[in-house]
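K.L.:
Okay, here's the structure, questions in a sec.
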Amino acid sequence: MNDVTSGPDTPPLTKALKETAHRLGADLVSVAPADRWSEPPSFDTSTVHVYPHSGYTPSELMPSTHSVVVVAVRHLDGVIDSTTTDTKTTAIQGNFGYVLLNRKLNDITFGLAHWLEEQGYRSVPLGSAGQSRYNHRADDDPDILSVGYGVFSLKRAAVLAGLGRKAKNGVVASPELGVRMRLGALLTVARLESGPLLEGDPCPPDCTICMKACPTRAISLGGRVSHLRCFTDVGRRGVRYEEIKAKFKAQYPVDLPDVDYVDKEYWGNEGTGNRMCKIACVAFCPLGKRRLPDVMRRVKEFEQQRPKVELLSFPPSHEFALDAVGEGNSAAEPSGSG
C-alpha cells in the first residue's frame, strides 16, 4: 500500500477523489495538507481566521496522514423553511438536518476512504466526527465559552481546507452554501492537491441577524458563542448557569485530567432533542448562493414568537449585551420576492 503520491499522479488522483465524493453524495469537497495543523501556522492568521485548536490533530489520529479531505452536505431548502415556523417541534430538522446528515457523512467518508485504499492509499474516515466532550477546564475558568469540543475539529479543518470561513454565528460559511451545511472528514496518506485558503470575514460588517434572532443571546457582537447559553434552548433545560452546566456535563462525557480515556462517547447520530430556538442562526443567515428571501423575511416575526429568555447567574464572560446592536438586520436582508 502506498504512503505517498508524487509528481503528475497527484492532480488526477485529486480529481478522481472529488468526482467520487460527489457521486457518493457530497455537495462540496476540499483538501488540506496535514502540515496546516503545524504550530506556528504557515499562513497569516490575521487574514485567515482559523478556529482555535481543539480535540486531536490529524497526525495524532493517524500518524501517517498527509492530507485531510473535508466534505459538506447541504441542508435542504425545505428543511430550513420548516424550521422557521411557530410549530412546537423541530423533528424535521432534527432528523433530516442533523441525524440523517451525520449518518450520510459517515457513509460518504467511509466510501471515500474505502475507495482510496483500493487505490493503495491508507485512509481513515472520521465521518461527522460527532463525538463531543465537556472541557473540564471550564469548571475553573468561566471565561471558556466553548465548553464542548469534538474529538476532531471539523470547523477548523474546513477553514484549513479552504472550504469556507468562520462566520459570526460560530459556524463555517462556504461561498456556495453559506452556513446551511454539515461537515465530515477523512484522513489519508495520499498527497492530494490542497485548496487555497479563504481570507477575510464572510459576514457583512453590520449584519447582526444571528445575534438578534438568538433567543438566549448566545452569540456575542465579536462572533463568540457561549455553548451553555446555546444549550439552554430557550430555557427548556433551565435558566441558571450551574443547573445548565450540570445538564451539559450529564449529556457529554467530561475529559477528566490524568485519565487516558472517557467511558463513553456522545454520538451526534444517536438523536437530538427539539431545538426550540429553531436553529435561527443558520436559518436566517444571508450567506451563500442559495438564499431564501421568503424565509429571511420571517426574522422579525420569529423574534416576536421566540422572545429573549432571561438566564440567571451566568458569569460576565457569558453575558452578551444586545443594546449596542443596531438595526443591522435590514442592511443584510436580501431584496426581492421569494
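Numbering starts fresh at 1 for the residues of each chain in the C-alpha cells, the chains themselves are lettered A, B, ... in the order given, and ligands are numbered from 1 as they appear.
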Using only C-alpha atoms, what does the table of region 160-267 of chain A residues within 12 Å of region 40-47 of chain A look like, with each row giving the shortest atom pair and its distance in Å to one decimal, sorted by chain and ascending number, as a Markdown table?
P.N.:
```
| residue | atom | partner | partner_atom | distance |
| --- | --- | --- | --- | --- |
| A:Leu160 | CA | A:Phe43 | CA | 9.9 |
| A:Arg165 | CA | A:Thr47 | CA | 10.6 |
| A:Lys166 | CA | A:Thr47 | CA | 11.4 |
| A:Pro196 | CA | A:Phe43 | CA | 11.0 |
| A:Leu197 | CA | A:Phe43 | CA | 8.8 |
| A:Leu198 | CA | A:Thr47 | CA | 8.5 |
| A:Glu199 | CA | A:Thr47 | CA | 5.2 |
| A:Gly200 | CA | A:Thr47 | CA | 5.4 |
| A:Asp201 | CA | A:Thr47 | CA | 8.4 |
| A:Pro202 | CA | A:Thr47 | CA | 11.6 |
```
K.L.:
Skip Pro215 (chain A) itself and residues of its chain fewer than 5 positions away, then list as a ChimeraX atom specification all residues within 9 Å of it, counting only C-alpha atoms.
P.N.:
/A:230,233-234,277,280,303,306-309
K.L.:
Using C-alpha atoms, can you export the residues from the last selection as a compact mmCIF listing (two decimals), in the first residue's frame?
P.N.:
```txt
# COMPACT_ATOMS: atom_id res chain seq x y z
CA CYS A 230 -26.97 27.89 23.40
CA ASP A 233 -32.51 26.06 24.25
CA VAL A 234 -34.95 28.81 25.20
CA CYS A 277 -34.58 28.15 19.06
CA ALA A 280 -32.30 30.60 13.84
CA GLU A 303 -38.15 37.29 17.24
CA ARG A 306 -39.28 33.50 20.46
CA PRO A 307 -38.64 36.40 22.86
CA LYS A 308 -35.35 36.59 24.69
CA VAL A 309 -35.03 34.34 27.74
```
K.L.:
Taking 2 positions as the minimum chain separation for residues in the same chain, which residues sit within 7 Å of Val69 (chain A) when counting only C-alpha atoms? Answer as a VMD selection string.
P.N.:
chain A and resid 30 to 32 67 71 185 to 187
K.L.:
Which is closer to Asp35 (chain A) than all the others in A:His66, A:Arg103, A:Lys155, A:Arg180, using only C-alpha atoms?
P.N.:
A:His66
K.L.:
So that I can check the surroundings of region 240-247 of chain A, please list as an MDAnalysis selection string every protein, DNA and RNA residue that reaches within 7 Å of it, counting only C-alpha atoms and ignoring chain neighbours fewer than 3 positions away.
P.N.:
chainID A and resid 228 232 237 250:251 311:314
K.L.:
Name all residues at most 10 Å from Ala26 (chain A) (count only C-alpha atoms; drop same-chain ones fewer than 5 positions away) and give them as a PyMOL selection string.
P.N.:
chain A and resi 18-21+70-74+104-105+108-109+183-184
K.L.:
Restrict the selected residues to N, CA, C and O atoms and save them as a PDB file, in the first residue's frame.
P.N.:
```pdb
ATOM      1  N   LYS A  18     -12.517  13.771  -5.908  1.00  0.00           N
ATOM      2  CA  LYS A  18     -13.639  14.708  -5.824  1.00  0.00           C
ATOM      3  C   LYS A  18     -14.839  14.194  -6.613  1.00  0.00           C
ATOM      4  O   LYS A  18     -15.990  14.340  -6.175  1.00  0.00           O
ATOM      5  N   GLU A  19     -14.579  13.589  -7.755  1.00  0.00           N
ATOM      6  CA  GLU A  19     -15.679  13.008  -8.528  1.00  0.00           C
ATOM      7  C   GLU A  19     -16.355  11.888  -7.742  1.00  0.00           C
ATOM      8  O   GLU A  19     -17.586  11.763  -7.741  1.00  0.00           O
ATOM      9  N   THR A  20     -15.550  11.089  -7.055  1.00  0.00           N
ATOM     10  CA  THR A  20     -16.104  10.008  -6.237  1.00  0.00           C
ATOM     11  C   THR A  20     -16.907  10.566  -5.073  1.00  0.00           C
ATOM     12  O   THR A  20     -17.986  10.056  -4.740  1.00  0.00           O
ATOM     13  N   ALA A  21     -16.397  11.629  -4.450  1.00  0.00           N
ATOM     14  CA  ALA A  21     -17.108  12.248  -3.327  1.00  0.00           C
ATOM     15  C   ALA A  21     -18.478  12.757  -3.766  1.00  0.00           C
ATOM     16  O   ALA A  21     -19.488  12.550  -3.082  1.00  0.00           O
ATOM     17  N   VAL A  70     -12.101  17.214   3.424  1.00  0.00           N
ATOM     18  CA  VAL A  70     -13.299  17.725   4.100  1.00  0.00           C
ATOM     19  C   VAL A  70     -14.445  17.755   3.097  1.00  0.00           C
ATOM     20  O   VAL A  70     -14.284  18.243   1.971  1.00  0.00           O
ATOM     21  N   VAL A  71     -15.582  17.220   3.499  1.00  0.00           N
ATOM     22  CA  VAL A  71     -16.764  17.210   2.635  1.00  0.00           C
ATOM     23  C   VAL A  71     -17.909  17.913   3.348  1.00  0.00           C
ATOM     24  O   VAL A  71     -17.918  18.044   4.575  1.00  0.00           O
ATOM     25  N   ALA A  72     -18.871  18.377   2.569  1.00  0.00           N
ATOM     26  CA  ALA A  72     -20.055  19.030   3.126  1.00  0.00           C
ATOM     27  C   ALA A  72     -21.292  18.550   2.394  1.00  0.00           C
ATOM     28  O   ALA A  72     -21.251  18.285   1.187  1.00  0.00           O
ATOM     29  N   VAL A  73     -22.379  18.425   3.143  1.00  0.00           N
ATOM     30  CA  VAL A  73     -23.695  18.106   2.584  1.00  0.00           C
ATOM     31  C   VAL A  73     -24.634  19.237   2.982  1.00  0.00           C
ATOM     32  O   VAL A  73     -24.677  19.633   4.151  1.00  0.00           O
ATOM     33  N   ARG A  74     -25.364  19.759   2.029  1.00  0.00           N
ATOM     34  CA  ARG A  74     -26.210  20.922   2.305  1.00  0.00           C
ATOM     35  C   ARG A  74     -27.513  20.528   2.991  1.00  0.00           C
ATOM     36  O   ARG A  74     -28.022  19.415   2.842  1.00  0.00           O
ATOM     37  N   LYS A 104     -25.178  10.227   6.861  1.00  0.00           N
ATOM     38  CA  LYS A 104     -24.786  10.324   5.457  1.00  0.00           C
ATOM     39  C   LYS A 104     -23.307  10.677   5.336  1.00  0.00           C
ATOM     40  O   LYS A 104     -22.591  10.124   4.490  1.00  0.00           O
ATOM     41  N   LEU A 105     -22.840  11.586   6.190  1.00  0.00           N
ATOM     42  CA  LEU A 105     -21.429  11.964   6.170  1.00  0.00           C
ATOM     43  C   LEU A 105     -20.540  10.795   6.592  1.00  0.00           C
ATOM     44  O   LEU A 105     -19.425  10.635   6.087  1.00  0.00           O
ATOM     45  N   ILE A 108     -20.396   8.722   3.412  1.00  0.00           N
ATOM     46  CA  ILE A 108     -19.576   9.337   2.366  1.00  0.00           C
ATOM     47  C   ILE A 108     -18.090   9.189   2.684  1.00  0.00           C
ATOM     48  O   ILE A 108     -17.292   8.788   1.820  1.00  0.00           O
ATOM     49  N   THR A 109     -17.699   9.513   3.914  1.00  0.00           N
ATOM     50  CA  THR A 109     -16.269   9.464   4.239  1.00  0.00           C
ATOM     51  C   THR A 109     -15.759   8.027   4.304  1.00  0.00           C
ATOM     52  O   THR A 109     -14.610   7.760   3.940  1.00  0.00           O
ATOM     53  N   LEU A 183     -20.691  19.060   8.017  1.00  0.00           N
ATOM     54  CA  LEU A 183     -19.340  18.722   7.582  1.00  0.00           C
ATOM     55  C   LEU A 183     -18.945  17.306   7.968  1.00  0.00           C
ATOM     56  O   LEU A 183     -19.434  16.748   8.953  1.00  0.00           O
ATOM     57  N   GLY A 184     -18.031  16.748   7.194  1.00  0.00           N
ATOM     58  CA  GLY A 184     -17.407  15.466   7.501  1.00  0.00           C
ATOM     59  C   GLY A 184     -15.968  15.487   7.010  1.00  0.00           C
ATOM     60  O   GLY A 184     -15.564  16.394   6.278  1.00  0.00           O
TER      61      GLY A 184
END
```
K.L.:
Given only C-alpha atoms as the basis, pick out the residue of A:Thr84, A:Val50, A:Val124, A:Arg133 nearest to Leu256 (chain A).
P.N.:
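Smallest separation from Leu256 (chain A) among the options: A:Arg133.
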K.L.:
Determine the nearest neighbour of Leu154 (chain A) from the options A:Ala129, A:Ala167, A:Ala218, A:Ile92, counting only C-alpha atoms.
P.N.:
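Comparing A:Ala129, A:Ala167, A:Ala218, A:Ile92 against Leu154 (chain A), the winner is A:Ala129.
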K.L.:
Restricting the calculation to only C-alpha atoms, which member of A:Cys285, A:Val79, A:Leu13, A:Met181 is positioned closest to Gly120 (chain A)?
P.N.:
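Ranking A:Cys285, A:Val79, A:Leu13, A:Met181 by distance to Gly120 (chain A), first place goes to A:Leu13.
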K.L.:
From the options A:Leu287, A:Ala321, A:Val179, A:Met276, which residue's atoms come nearest to Asp86 (chain A), counting only C-alpha atoms?
P.N.:
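Closest residue, counting only C-alpha atoms: A:Met276.
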